[in-house]
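S.K.: My structure file run27.cif, mmCIF, C-alpha atoms and all ligand atoms, is below:
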data_start
#
loop_
_atom_site.group_PDB
_atom_site.id
_atom_site.type_symbol
_atom_site.label_atom_id
_atom_site.label_comp_id
_atom_site.auth_asym_id
_atom_site.auth_seq_id
_atom_site.Cartn_x
_atom_site.Cartn_y
_atom_site.Cartn_z
ATOM 1 C CA MET A 1 -35.733 -23.227 -80.265
ATOM 2 C CA THR A 2 -38.880 -23.384 -82.391
ATOM 3 C CA ASP A 3 -39.589 -27.125 -82.565
ATOM 4 C CA LEU A 4 -43.229 -27.906 -81.980
ATOM 5 C CA ILE A 5 -43.106 -30.478 -79.176
ATOM 6 C CA PHE A 6 -46.461 -32.163 -78.825
ATOM 7 C CA HIS A 7 -47.248 -34.096 -75.625
ATOM 8 C CA HIS A 8 -50.087 -36.515 -76.403
ATOM 9 C CA TYR A 9 -51.116 -40.175 -76.686
ATOM 10 C CA ALA A 10 -52.306 -42.048 -79.736
ATOM 11 C CA ASN A 11 -55.965 -42.564 -78.864
ATOM 12 C CA SER A 12 -56.630 -39.096 -77.408
ATOM 13 C CA PRO A 13 -59.361 -37.414 -79.470
ATOM 14 C CA PHE A 14 -58.403 -33.838 -78.485
ATOM 15 C CA SER A 15 -54.884 -34.696 -79.668
ATOM 16 C CA GLU A 16 -56.321 -35.858 -82.987
ATOM 17 C CA LYS A 17 -57.862 -32.376 -83.412
ATOM 18 C CA VAL A 18 -54.320 -30.962 -83.368
ATOM 19 C CA ARG A 19 -52.676 -33.801 -85.312
ATOM 20 C CA VAL A 20 -55.048 -33.249 -88.219
ATOM 21 C CA ALA A 21 -54.122 -29.531 -88.145
ATOM 22 C CA PHE A 22 -50.453 -30.576 -88.384
ATOM 23 C CA GLY A 23 -51.545 -32.613 -91.418
ATOM 24 C CA ILE A 24 -53.404 -29.730 -93.091
ATOM 25 C CA LYS A 25 -50.425 -27.422 -92.571
ATOM 26 C CA GLN A 26 -47.904 -30.190 -93.396
ATOM 27 C CA LEU A 27 -45.871 -29.402 -90.285
ATOM 28 C CA ALA A 28 -42.931 -31.266 -88.806
ATOM 29 C CA TRP A 29 -43.280 -31.865 -85.044
ATOM 30 C CA LYS A 30 -41.748 -33.761 -82.160
ATOM 31 C CA SER A 31 -43.964 -36.390 -80.621
ATOM 32 C CA VAL A 32 -43.741 -37.039 -76.862
ATOM 33 C CA GLU A 33 -45.991 -39.899 -75.755
ATOM 34 C CA ILE A 34 -47.558 -39.180 -72.325
ATOM 35 C CA PRO A 35 -49.573 -41.499 -70.038
ATOM 36 C CA ASN A 36 -53.351 -41.514 -70.583
ATOM 37 C CA MET A 37 -53.984 -41.038 -66.851
ATOM 38 C CA MET A 38 -52.276 -39.645 -63.771
ATOM 39 C CA PRO A 39 -49.517 -39.712 -62.660
ATOM 40 C CA LYS A 40 -47.686 -37.791 -65.423
ATOM 41 C CA PRO A 41 -44.365 -37.083 -63.695
ATOM 42 C CA ASP A 42 -42.579 -35.813 -66.809
ATOM 43 C CA LEU A 43 -45.379 -33.433 -67.808
ATOM 44 C CA MET A 44 -45.930 -31.759 -64.424
ATOM 45 C CA PRO A 45 -42.582 -29.880 -64.381
ATOM 46 C CA LEU A 46 -43.735 -28.173 -67.595
ATOM 47 C CA THR A 47 -47.379 -27.449 -66.775
ATOM 48 C CA GLY A 48 -47.240 -26.997 -62.992
ATOM 49 C CA GLY A 49 -50.279 -29.230 -62.461
ATOM 50 C CA TYR A 50 -52.386 -28.927 -65.618
ATOM 51 C CA ARG A 51 -53.066 -32.569 -66.403
ATOM 52 C CA LYS A 52 -55.110 -32.661 -69.570
ATOM 53 C CA THR A 53 -54.028 -34.008 -72.921
ATOM 54 C CA PRO A 54 -52.634 -32.618 -75.185
ATOM 55 C CA VAL A 55 -50.029 -29.958 -74.343
ATOM 56 C CA LEU A 56 -47.855 -28.082 -76.847
ATOM 57 C CA GLN A 57 -44.359 -27.041 -75.823
ATOM 58 C CA ILE A 58 -42.191 -24.659 -77.806
ATOM 59 C CA GLY A 59 -38.886 -24.180 -75.996
ATOM 60 C CA ALA A 60 -39.768 -22.894 -72.511
ATOM 61 C CA ASP A 61 -43.339 -21.925 -73.508
ATOM 62 C CA VAL A 62 -46.074 -24.391 -72.645
ATOM 63 C CA TYR A 63 -49.506 -24.072 -74.278
ATOM 64 C CA CYS A 64 -52.470 -25.718 -72.557
ATOM 65 C CA ASP A 65 -55.866 -26.554 -74.091
ATOM 66 C CA THR A 66 -56.432 -27.134 -77.804
ATOM 67 C CA GLN A 67 -58.356 -23.843 -78.027
ATOM 68 C CA LEU A 68 -55.055 -22.026 -77.492
ATOM 69 C CA ILE A 69 -52.778 -24.657 -79.055
ATOM 70 C CA MET A 70 -54.584 -24.180 -82.382
ATOM 71 C CA LEU A 71 -54.299 -20.366 -82.158
ATOM 72 C CA GLU A 72 -50.589 -20.670 -81.454
ATOM 73 C CA ILE A 73 -49.984 -23.036 -84.374
ATOM 74 C CA GLU A 74 -51.928 -20.611 -86.594
ATOM 75 C CA ARG A 75 -49.920 -17.637 -85.297
ATOM 76 C CA ARG A 76 -46.610 -19.341 -86.045
ATOM 77 C CA THR A 77 -47.643 -20.891 -89.389
ATOM 78 C CA PRO A 78 -50.569 -18.885 -90.746
ATOM 79 C CA GLU A 79 -50.886 -20.668 -94.081
ATOM 80 C CA PRO A 80 -52.906 -22.524 -95.070
ATOM 81 C CA HIS A 81 -55.296 -20.610 -92.775
ATOM 82 C CA LEU A 82 -57.262 -22.556 -90.212
ATOM 83 C CA LEU A 83 -58.960 -19.293 -89.274
ATOM 84 C CA PRO A 84 -60.487 -18.284 -92.607
ATOM 85 C CA VAL A 85 -60.019 -14.550 -93.205
ATOM 86 C CA GLY A 86 -63.254 -12.776 -92.268
ATOM 87 C CA GLN A 87 -64.653 -15.889 -90.554
ATOM 88 C CA GLU A 88 -62.236 -16.233 -87.652
ATOM 89 C CA GLY A 89 -65.010 -15.812 -85.075
ATOM 90 C CA GLU A 90 -67.296 -18.331 -86.771
ATOM 91 C CA ALA A 91 -64.537 -20.960 -86.877
ATOM 92 C CA ARG A 92 -63.674 -20.451 -83.211
ATOM 93 C CA ALA A 93 -67.300 -20.394 -82.067
ATOM 94 C CA LEU A 94 -68.070 -23.623 -83.920
ATOM 95 C CA ALA A 95 -65.018 -25.206 -82.297
ATOM 96 C CA MET A 96 -66.270 -24.176 -78.835
ATOM 97 C CA TRP A 97 -69.700 -25.687 -79.501
ATOM 98 C CA ILE A 98 -68.095 -28.908 -80.707
ATOM 99 C CA ASP A 99 -65.529 -29.173 -77.862
ATOM 100 C CA ARG A 100 -67.991 -28.425 -75.107
ATOM 101 C CA ASN A 101 -71.117 -30.193 -76.385
ATOM 102 C CA ILE A 102 -70.521 -32.801 -79.056
ATOM 103 C CA PHE A 103 -67.345 -34.181 -77.518
ATOM 104 C CA TRP A 104 -68.976 -34.995 -74.170
ATOM 105 C CA ALA A 105 -72.052 -36.507 -75.791
ATOM 106 C CA ALA A 106 -69.762 -38.706 -77.920
ATOM 107 C CA VAL A 107 -67.840 -39.740 -74.790
ATOM 108 C CA GLY A 108 -71.181 -40.915 -73.361
ATOM 109 C CA VAL A 109 -71.752 -43.073 -76.463
ATOM 110 C CA VAL A 110 -68.272 -44.592 -76.424
ATOM 111 C CA MET A 111 -68.141 -45.168 -72.659
ATOM 112 C CA GLY A 112 -71.618 -46.719 -72.796
ATOM 113 C CA ALA A 113 -70.232 -49.210 -75.326
ATOM 114 C CA ILE A 114 -66.790 -49.974 -73.854
ATOM 115 C CA GLY A 115 -66.746 -48.518 -70.307
ATOM 116 C CA ASP A 116 -67.016 -51.930 -68.633
ATOM 117 C CA LYS A 117 -63.946 -53.178 -70.521
ATOM 118 C CA LEU A 118 -61.664 -50.396 -69.283
ATOM 119 C CA PRO A 119 -59.231 -51.048 -66.408
ATOM 120 C CA GLU A 120 -60.288 -50.053 -62.915
ATOM 121 C CA SER A 121 -57.318 -47.665 -62.649
ATOM 122 C CA PHE A 122 -58.618 -45.759 -65.705
ATOM 123 C CA GLN A 123 -62.172 -45.646 -64.346
ATOM 124 C CA LYS A 124 -60.863 -44.281 -61.034
ATOM 125 C CA ASP A 125 -58.726 -41.671 -62.818
ATOM 126 C CA ARG A 126 -61.631 -40.478 -64.941
ATOM 127 C CA SER A 127 -63.869 -40.198 -61.850
ATOM 128 C CA GLU A 128 -61.305 -37.815 -60.355
ATOM 129 C CA PHE A 129 -60.851 -36.025 -63.677
ATOM 130 C CA SER A 130 -64.548 -35.365 -64.254
ATOM 131 C CA GLY A 131 -65.687 -35.037 -60.642
ATOM 132 C CA ARG A 132 -68.382 -37.671 -61.327
ATOM 133 C CA SER A 133 -68.164 -41.324 -60.447
ATOM 134 C CA PHE A 134 -67.366 -43.468 -63.493
ATOM 135 C CA ASP A 135 -70.092 -46.118 -63.248
ATOM 136 C CA ALA A 136 -69.904 -48.452 -66.256
ATOM 137 C CA ALA A 137 -73.413 -49.872 -65.676
ATOM 138 C CA LYS A 138 -74.981 -46.395 -65.498
ATOM 139 C CA LEU A 139 -73.045 -45.305 -68.584
ATOM 140 C CA LYS A 140 -74.353 -48.350 -70.462
ATOM 141 C CA ALA A 141 -77.927 -47.588 -69.418
ATOM 142 C CA ALA A 142 -77.537 -43.948 -70.514
ATOM 143 C CA ALA A 143 -75.948 -44.815 -73.891
ATOM 144 C CA PRO A 144 -79.195 -44.494 -75.946
ATOM 145 C CA PHE A 145 -79.710 -40.951 -74.593
ATOM 146 C CA ALA A 146 -76.075 -40.058 -75.267
ATOM 147 C CA ARG A 147 -76.487 -41.427 -78.790
ATOM 148 C CA GLU A 148 -79.539 -39.245 -79.472
ATOM 149 C CA GLN A 149 -77.803 -36.166 -78.014
ATOM 150 C CA THR A 150 -74.736 -36.800 -80.138
ATOM 151 C CA TYR A 151 -76.914 -37.271 -83.202
ATOM 152 C CA GLY A 152 -78.935 -34.145 -82.356
ATOM 153 C CA HIS A 153 -75.760 -32.052 -82.429
ATOM 154 C CA LEU A 154 -73.976 -33.827 -85.283
ATOM 155 C CA VAL A 155 -77.006 -33.499 -87.551
ATOM 156 C CA LEU A 156 -76.434 -29.716 -87.506
ATOM 157 C CA ALA A 157 -73.022 -30.312 -89.077
ATOM 158 C CA GLU A 158 -74.589 -32.779 -91.542
ATOM 159 C CA GLU A 159 -77.021 -30.002 -92.539
ATOM 160 C CA MET A 160 -74.120 -27.601 -93.135
ATOM 161 C CA LEU A 161 -72.599 -30.122 -95.552
ATOM 162 C CA ARG A 162 -75.874 -30.860 -97.342
ATOM 163 C CA ASP A 163 -75.353 -28.113 -99.968
ATOM 164 C CA GLY A 164 -72.321 -30.046 -101.245
ATOM 165 C CA ARG A 165 -69.554 -27.964 -99.661
ATOM 166 C CA PRO A 166 -66.568 -30.165 -98.836
ATOM 167 C CA PHE A 167 -65.824 -28.574 -95.442
ATOM 168 C CA LEU A 168 -67.916 -26.895 -92.729
ATOM 169 C CA LEU A 169 -67.120 -23.322 -93.740
ATOM 170 C CA GLY A 170 -66.673 -23.877 -97.471
ATOM 171 C CA ALA A 171 -64.053 -25.075 -99.924
ATOM 172 C CA VAL A 172 -61.107 -25.472 -97.555
ATOM 173 C CA PRO A 173 -60.727 -27.014 -94.082
ATOM 174 C CA SER A 174 -60.759 -24.735 -91.031
ATOM 175 C CA LEU A 175 -60.424 -24.928 -87.273
ATOM 176 C CA ALA A 176 -64.098 -25.976 -87.158
ATOM 177 C CA ASP A 177 -63.338 -29.093 -89.218
ATOM 178 C CA CYS A 178 -60.367 -30.017 -87.006
ATOM 179 C CA ALA A 179 -62.595 -29.622 -83.936
ATOM 180 C CA LEU A 180 -65.373 -31.759 -85.403
ATOM 181 C CA TYR A 181 -62.903 -34.418 -86.445
ATOM 182 C CA ASN A 182 -62.162 -34.989 -82.729
ATOM 183 C CA PRO A 183 -65.516 -36.584 -81.725
ATOM 184 C CA VAL A 184 -66.188 -38.084 -85.162
ATOM 185 C CA TRP A 185 -62.779 -39.808 -85.202
ATOM 186 C CA PHE A 186 -63.331 -40.919 -81.596
ATOM 187 C CA LEU A 187 -66.640 -42.564 -82.516
ATOM 188 C CA GLN A 188 -65.079 -44.181 -85.575
ATOM 189 C CA VAL A 189 -62.035 -45.653 -83.840
ATOM 190 C CA ARG A 190 -63.709 -46.682 -80.564
ATOM 191 C CA MET A 191 -67.164 -47.924 -81.593
ATOM 192 C CA GLY A 192 -65.974 -51.402 -82.546
ATOM 193 C CA GLN A 193 -67.186 -53.449 -85.449
ATOM 194 C CA GLY A 194 -70.865 -52.597 -85.514
ATOM 195 C CA ASP A 195 -71.608 -54.180 -82.117
ATOM 196 C CA SER A 196 -73.404 -51.036 -80.888
ATOM 197 C CA PRO A 197 -75.161 -48.513 -83.107
ATOM 198 C CA SER A 198 -73.262 -45.260 -83.732
ATOM 199 C CA PRO A 199 -74.868 -41.862 -84.344
ATOM 200 C CA LEU A 200 -72.762 -41.761 -87.527
ATOM 201 C CA ASP A 201 -74.858 -44.604 -89.002
ATOM 202 C CA ARG A 202 -77.455 -41.950 -89.915
ATOM 203 C CA LEU A 203 -75.038 -39.231 -91.060
ATOM 204 C CA PRO A 204 -73.682 -40.116 -94.526
ATOM 205 C CA LYS A 205 -72.411 -36.614 -95.428
ATOM 206 C CA LEU A 206 -70.419 -36.494 -92.227
ATOM 207 C CA VAL A 207 -68.891 -39.906 -92.899
ATOM 208 C CA GLU A 208 -67.815 -38.744 -96.399
ATOM 209 C CA TRP A 209 -66.411 -35.554 -94.840
ATOM 210 C CA SER A 210 -64.446 -37.612 -92.300
ATOM 211 C CA GLN A 211 -62.821 -39.530 -95.170
ATOM 212 C CA ARG A 212 -61.683 -36.202 -96.658
ATOM 213 C CA MET A 213 -60.276 -35.179 -93.268
ATOM 214 C CA LYS A 214 -58.423 -38.476 -92.826
ATOM 215 C CA VAL A 215 -56.487 -37.876 -96.058
ATOM 216 C CA PHE A 216 -54.719 -34.873 -94.458
ATOM 217 C CA GLY A 217 -52.814 -37.234 -92.145
ATOM 218 C CA SER A 218 -50.770 -35.833 -89.241
ATOM 219 C CA GLY A 219 -47.880 -33.951 -90.832
ATOM 220 C CA ASN A 220 -44.389 -35.167 -90.122
ATOM 221 C CA PRO A 221 -43.857 -36.387 -86.523
ATOM 222 C CA SER A 222 -40.552 -37.618 -85.137
ATOM 223 C CA PRO A 223 -40.274 -39.200 -81.694
ATOM 224 C CA MET A 224 -38.815 -37.334 -78.721
ATOM 225 C CA THR A 225 -38.466 -38.658 -75.172
ATOM 226 C CA ALA A 226 -40.036 -36.824 -72.239
ATOM 227 C CA VAL A 227 -36.540 -36.319 -70.799
ATOM 228 C CA GLU A 228 -35.363 -34.637 -74.022
ATOM 229 C CA ALA A 229 -38.408 -32.352 -73.940
ATOM 230 C CA LEU A 230 -37.601 -31.304 -70.360
ATOM 231 C CA ASP A 231 -33.988 -30.615 -71.398
ATOM 232 C CA VAL A 232 -35.236 -28.406 -74.256
ATOM 233 C CA ALA A 233 -37.295 -26.348 -71.789
ATOM 234 C CA LYS A 234 -34.347 -26.033 -69.399
ATOM 235 C CA ALA A 235 -32.066 -24.729 -72.163
ATOM 236 C CA ALA A 236 -34.616 -22.242 -73.564
ATOM 237 C CA THR A 237 -35.899 -18.821 -72.515
ATOM 238 C CA PRO A 238 -39.649 -18.110 -72.651
ATOM 239 C CA GLU A 239 -40.920 -15.635 -75.253
ATOM 240 C CA ALA A 240 -41.841 -12.132 -74.082
ATOM 241 C CA THR A 241 -45.551 -11.596 -73.268
ATOM 242 C CA LYS A 242 -47.515 -8.527 -72.165
ATOM 243 C CA VAL A 243 -50.176 -7.828 -69.585
ATOM 244 C CA ASP A 244 -52.862 -5.410 -70.769
ATOM 245 C CA ASP A 245 -52.923 -3.020 -67.808
ATOM 246 C CA LYS A 246 -56.469 -1.961 -68.711
ATOM 247 C CA ASP A 247 -57.831 -5.490 -68.527
ATOM 248 C CA PRO A 248 -61.289 -5.254 -66.884
ATOM 249 C CA SER A 249 -60.338 -8.008 -64.426
ATOM 250 C CA GLY A 250 -58.045 -5.489 -62.705
ATOM 251 C CA LEU A 251 -55.230 -8.058 -62.706
ATOM 252 C CA LYS A 252 -51.746 -6.572 -62.958
ATOM 253 C CA ALA A 253 -48.386 -7.812 -64.239
ATOM 254 C CA GLY A 254 -46.309 -9.558 -61.593
ATOM 255 C CA GLN A 255 -49.283 -10.563 -59.451
ATOM 256 C CA ARG A 256 -49.391 -14.116 -58.132
ATOM 257 C CA VAL A 257 -52.384 -15.899 -59.606
ATOM 258 C CA SER A 258 -53.822 -19.340 -60.124
ATOM 259 C CA VAL A 259 -55.366 -20.513 -63.393
ATOM 260 C CA THR A 260 -57.819 -23.422 -63.302
ATOM 261 C CA PRO A 261 -59.976 -25.121 -65.973
ATOM 262 C CA ASP A 262 -63.689 -24.612 -65.191
ATOM 263 C CA ASP A 263 -64.883 -28.029 -66.386
ATOM 264 C CA THR A 264 -62.685 -31.101 -65.871
ATOM 265 C CA GLY A 265 -59.194 -31.737 -64.513
ATOM 266 C CA LYS A 266 -59.649 -28.703 -62.236
ATOM 267 C CA VAL A 267 -56.088 -28.490 -60.928
ATOM 268 C CA PRO A 268 -54.936 -24.896 -60.280
ATOM 269 C CA VAL A 269 -51.620 -23.810 -61.796
ATOM 270 C CA VAL A 270 -49.922 -21.087 -59.767
ATOM 271 C CA GLY A 271 -47.436 -18.501 -61.018
ATOM 272 C CA GLU A 272 -46.648 -14.862 -61.717
ATOM 273 C CA LEU A 273 -48.903 -13.108 -64.206
ATOM 274 C CA VAL A 274 -46.819 -12.206 -67.258
ATOM 275 C CA GLY A 275 -49.358 -12.208 -70.077
ATOM 276 C CA LEU A 276 -53.001 -11.108 -70.327
ATOM 277 C CA THR A 277 -55.025 -10.351 -73.469
ATOM 278 C CA PRO A 278 -58.713 -10.925 -74.277
ATOM 279 C CA ASN A 279 -57.778 -14.414 -75.560
ATOM 280 C CA ARG A 280 -54.898 -15.546 -73.397
ATOM 281 C CA VAL A 281 -53.415 -15.639 -69.932
ATOM 282 C CA ALA A 282 -49.774 -16.543 -69.289
ATOM 283 C CA ILE A 283 -48.029 -17.234 -66.011
ATOM 284 C CA LYS A 284 -44.361 -17.696 -65.223
ATOM 285 C CA ARG A 285 -43.285 -20.445 -62.896
ATOM 286 C CA SER A 286 -40.085 -22.212 -61.996
ATOM 287 C CA ASP A 287 -39.279 -25.822 -61.504
ATOM 288 C CA GLU A 288 -35.973 -27.420 -60.612
ATOM 289 C CA ARG A 289 -36.113 -29.701 -63.631
ATOM 290 C CA VAL A 290 -36.917 -27.060 -66.282
ATOM 291 C CA GLY A 291 -35.953 -23.676 -64.792
ATOM 292 C CA ASP A 292 -38.275 -20.777 -65.735
ATOM 293 C CA VAL A 293 -41.180 -21.635 -68.012
ATOM 294 C CA VAL A 294 -44.258 -19.696 -69.098
ATOM 295 C CA VAL A 295 -47.547 -21.602 -69.138
ATOM 296 C CA HIS A 296 -50.209 -20.202 -71.471
ATOM 297 C CA PHE A 297 -53.981 -20.790 -71.249
ATOM 298 C CA PRO A 298 -57.015 -19.529 -73.157
ATOM 299 C CA ARG A 299 -59.275 -17.124 -71.212
ATOM 300 C CA ALA A 300 -62.568 -18.813 -72.126
ATOM 301 C CA GLY A 301 -63.134 -21.795 -69.863
ATOM 302 C CA PHE A 302 -60.401 -20.908 -67.332
ATOM 303 C CA VAL A 303 -60.752 -19.184 -63.970
ATOM 304 C CA ILE A 304 -57.997 -16.737 -63.007
ATOM 305 C CA ALA A 305 -57.809 -15.992 -59.299
ATOM 306 C CA ALA A 306 -55.530 -13.451 -57.601
ATOM 307 C CA LEU A 307 -53.758 -15.059 -54.654
HETATM 308 N N1 LIG B 401 -60.487 -28.403 -73.221
HETATM 309 C C1 LIG B 401 -59.391 -29.344 -73.363
HETATM 310 C C2 LIG B 401 -59.940 -30.774 -73.266
HETATM 311 C C3 LIG B 401 -58.837 -31.814 -73.285
HETATM 312 C C4 LIG B 401 -59.301 -33.156 -72.758
HETATM 313 O O1 LIG B 401 -60.352 -33.302 -72.100
HETATM 314 N N2 LIG B 401 -58.492 -34.162 -73.065
HETATM 315 C C5 LIG B 401 -58.722 -35.493 -72.538
HETATM 316 C C6 LIG B 401 -58.063 -36.518 -73.475
HETATM 317 S S1 LIG B 401 -58.629 -36.420 -75.127
HETATM 318 C C7 LIG B 401 -58.014 -35.630 -71.224
HETATM 319 O O2 LIG B 401 -57.289 -34.735 -70.825
HETATM 320 N N3 LIG B 401 -58.228 -36.745 -70.531
HETATM 321 C C8 LIG B 401 -57.523 -36.981 -69.302
HETATM 322 C C9 LIG B 401 -56.061 -37.282 -69.494
HETATM 323 O O3 LIG B 401 -55.594 -37.464 -70.624
HETATM 324 O O4 LIG B 401 -55.378 -37.373 -68.472
HETATM 325 C C10 LIG B 401 -58.673 -29.095 -74.682
HETATM 326 O O5 LIG B 401 -59.278 -28.518 -75.598
HETATM 327 O O6 LIG B 401 -57.483 -29.414 -74.783
#
For the file at hand, write its structure as C-alpha cells.

M.R.:
Amino acid sequence: MTDLIFHHYANSPFSEKVRVAFGIKQLAWKSVEIPNMMPKPDLMPLTGGYRKTPVLQIGADVYCDTQLIMLEIERRTPEPHLLPVGQEGEARALAMWIDRNIFWAAVGVVMGAIGDKLPESFQKDRSEFSGRSFDAAKLKAAAPFAREQTYGHLVLAEEMLRDGRPFLLGAVPSLADCALYNPVWFLQVRMGQGDSPSPLDRLPKLVEWSQRMKVFGSGNPSPMTAVEALDVAKAATPEATKVDDKDPSGLKAGQRVSVTPDDTGKVPVVGELVGLTPNRVAIKRSDERVGDVVVHFPRAGFVIAAL
C-alpha cells in the first residue's frame, strides 16, 4: 500500500508547506481532514499521542513533523528534487530557520490581529499546546513587535530574491521555498482585508515569489475518511527500518523509549525502538484499532528517552 495519506486541515500553515510540495511534484494523495484542536480520536491510534498537524501515513507507517514528512516524500518521489543536488544541507537548514523562527513570529502577527475573534475552546487548546496562556489582549498589544520580528526575518529572504532569482536557492523551487510558503501563506490568508498592517506590505519581491508558489497548487488530492485511513493501517505491514548500533546515544534496537517534541505539543509517544539514523527515529507500537504501526520522527527537535 503506497498511497500517500495526508492528515491535515485546510487552514493549517504547516500542512500548506506539504501541500505545495505535492503541487511541485504533481503527486496524487488521499486527504483526511482532522480537527484543528484536541481531541483527535481518529488520529491517536496512528500516532500514539503525537497531536500536531499534519501527519503523513503510508500504509502502517506514520510520519510526524513536516521536517521528516518532506524527506519521506522526497525519498519516495525524488524528482523534481526538493533537495537540490549539492545543496541538500542548505535547503534543510533554511527550512529549520523558517519553521522555528519565522513561523512563530508570523503567528504572533496573525493572533494579534484575530486572536480575540477565535472561540474560547481554541484559545484553551492552544494554551495547552504551547504551554503559554493564550491571552488575546496581550497578543494584540505585542502585535507591533511580532510584526517587526517577522519583517526582520522575512527581509533576509527578500534580499535573497533581490538578484532576480525566481526561488530562494535559484531557478527551481526547493524545500526552502515550501517552508517559507508556510508563514507567508498564513499571513496572506489570515490577515484580512488590510485592517491591520502586514509585514508583507514592505516585501514586494516576496509577494511576487508567493504568486509563483501559488501556481504550483496542491497536486491531486482525493478525499478519504479517517475510518478508511485506520483500516488501511490495520491491513498493512510497516516497512523495515534499522537501528544504527553505533549511534552515540547508546540506544539499542528493541529498547522501550519515548519520543517527545521539544517545543510545542509535548506529548510523549512510547514504543519499541526499531529505527535510528542521524536523521530519524522510528518506534513500533500497537493499538487495537490499527494493529502494529511504526511512528517515525525527525531527530532534530525531538527528545528520545530510554524508559
Ligand atoms: N514542527 C511541526 C510543527 C507543526 C505545527 O505546529 N502545526 C500546527 C498547525 S499548522 C499544530 O499542530 N497546531 C495544533 C493542532 O493542529 O492541533 C511540523 O513541522 O510539522

S.K.: Edge lengths and centre in Å to one decimal, as lines of an AutoDock Vina configuration file, is what I'm after for the box along x, y and z that holds all listed atoms of stretch 77-84 of chain A once 4 Å is added on each side.

M.R.:
center_x = -54.1
center_y = -20.4
center_z = -92.2
size_x = 20.8
size_y = 12.3
size_z = 13.8

S.K.: When the PyMOL selection byres (((chain A and resi 61) around 8) and not hetatm) is applied to the file above, which residues end up in the set, as an MDAnalysis selection string?

M.R.: chainID A and resid 57:60 62:63 233 238:239 293:296

S.K.: How close does chain A get to ligand LIG 401 (chain B)? List, as a Markdown table, each residue of chain A within 10 Å, its nearest atom pair and the distance in Å to one decimal, counting only C-alpha atoms and all ligand atoms.

M.R.:
| residue | atom | partner | partner_atom | distance |
| --- | --- | --- | --- | --- |
| A:His8 | CA | B:LIG401 | O3 | 8.0 |
| A:Tyr9 | CA | B:LIG401 | O3 | 8.0 |
| A:Ala10 | CA | B:LIG401 | S1 | 9.6 |
| A:Asn11 | CA | B:LIG401 | S1 | 7.7 |
| A:Ser12 | CA | B:LIG401 | S1 | 4.0 |
| A:Pro13 | CA | B:LIG401 | S1 | 4.5 |
| A:Phe14 | CA | B:LIG401 | S1 | 4.2 |
| A:Ser15 | CA | B:LIG401 | S1 | 6.1 |
| A:Glu16 | CA | B:LIG401 | S1 | 8.2 |
| A:Lys17 | CA | B:LIG401 | O5 | 8.8 |
| A:Val18 | CA | B:LIG401 | O6 | 9.3 |
| A:Ile34 | CA | B:LIG401 | O3 | 8.4 |
| A:Pro35 | CA | B:LIG401 | O3 | 7.3 |
| A:Asn36 | CA | B:LIG401 | O3 | 4.6 |
| A:Met37 | CA | B:LIG401 | O4 | 4.2 |
| A:Met38 | CA | B:LIG401 | O4 | 6.1 |
| A:Pro39 | CA | B:LIG401 | O4 | 8.6 |
| A:Lys40 | CA | B:LIG401 | O4 | 8.3 |
| A:Tyr50 | CA | B:LIG401 | O2 | 9.2 |
| A:Arg51 | CA | B:LIG401 | O4 | 5.7 |
| A:Lys52 | CA | B:LIG401 | O2 | 3.3 |
| A:Thr53 | CA | B:LIG401 | O2 | 3.9 |
| A:Pro54 | CA | B:LIG401 | O6 | 5.8 |
| A:Val55 | CA | B:LIG401 | O6 | 7.5 |
| A:Leu56 | CA | B:LIG401 | O6 | 9.9 |
| A:Tyr63 | CA | B:LIG401 | O6 | 9.6 |
| A:Cys64 | CA | B:LIG401 | O6 | 6.6 |
| A:Asp65 | CA | B:LIG401 | O6 | 3.4 |
| A:Thr66 | CA | B:LIG401 | O5 | 3.9 |
| A:Gln67 | CA | B:LIG401 | O5 | 5.3 |
| A:Leu68 | CA | B:LIG401 | O5 | 8.0 |
| A:Ile69 | CA | B:LIG401 | O6 | 7.9 |
| A:Met70 | CA | B:LIG401 | O5 | 9.3 |
| A:Ala95 | CA | B:LIG401 | O5 | 9.4 |
| A:Met96 | CA | B:LIG401 | O5 | 8.8 |
| A:Asp99 | CA | B:LIG401 | O5 | 6.7 |
| A:Arg100 | CA | B:LIG401 | N1 | 7.7 |
| A:Phe103 | CA | B:LIG401 | O1 | 8.9 |
| A:Trp104 | CA | B:LIG401 | O1 | 9.0 |
| A:Val107 | CA | B:LIG401 | S1 | 9.8 |
| A:Phe122 | CA | B:LIG401 | O4 | 9.4 |
| A:Asp125 | CA | B:LIG401 | O4 | 7.9 |
| A:Arg126 | CA | B:LIG401 | C8 | 6.9 |
| A:Glu128 | CA | B:LIG401 | C8 | 9.7 |
| A:Phe129 | CA | B:LIG401 | C8 | 6.6 |
| A:Ser130 | CA | B:LIG401 | C8 | 8.8 |
| A:Ala179 | CA | B:LIG401 | O5 | 9.0 |
| A:Asn182 | CA | B:LIG401 | S1 | 8.5 |
| A:Pro183 | CA | B:LIG401 | S1 | 9.5 |
| A:Phe186 | CA | B:LIG401 | S1 | 9.2 |
| A:Pro261 | CA | B:LIG401 | N1 | 8.0 |
| A:Asp262 | CA | B:LIG401 | N1 | 9.4 |
| A:Asp263 | CA | B:LIG401 | N1 | 8.1 |
| A:Thr264 | CA | B:LIG401 | O1 | 7.0 |
| A:Gly265 | CA | B:LIG401 | O2 | 7.2 |
| A:Phe297 | CA | B:LIG401 | O6 | 10.0 |
| A:Pro298 | CA | B:LIG401 | N1 | 9.5 |
| A:Ala300 | CA | B:LIG401 | N1 | 9.9 |
| A:Gly301 | CA | B:LIG401 | N1 | 7.9 |
| A:Phe302 | CA | B:LIG401 | N1 | 9.5 |

S.K.: Please list as a list in words every residue within 6 Å of stretch 25-32 of chain A, counting all atoms listed in the file and excluding residues in the same chain fewer than 6 positions away.

M.R.: Leu4, Ile5, Phe6, His7, Gly219, Asn220, Pro221, Ser222, Pro223, Met224, Thr225 and Ala226 of chain A

S.K.: Could you state which residues are captured by the PyMOL selection byres (((chain A and resi 268) around 7) and not hetatm) in this file, as a list in words?

M.R.: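 What the PyMOL selection byres (((chain A and resi 268) around 7) and not hetatm) grabs from the file is Gly49, Ser258, Val259, Thr260, Lys266, Val267, Val269 and Val270 of chain A.
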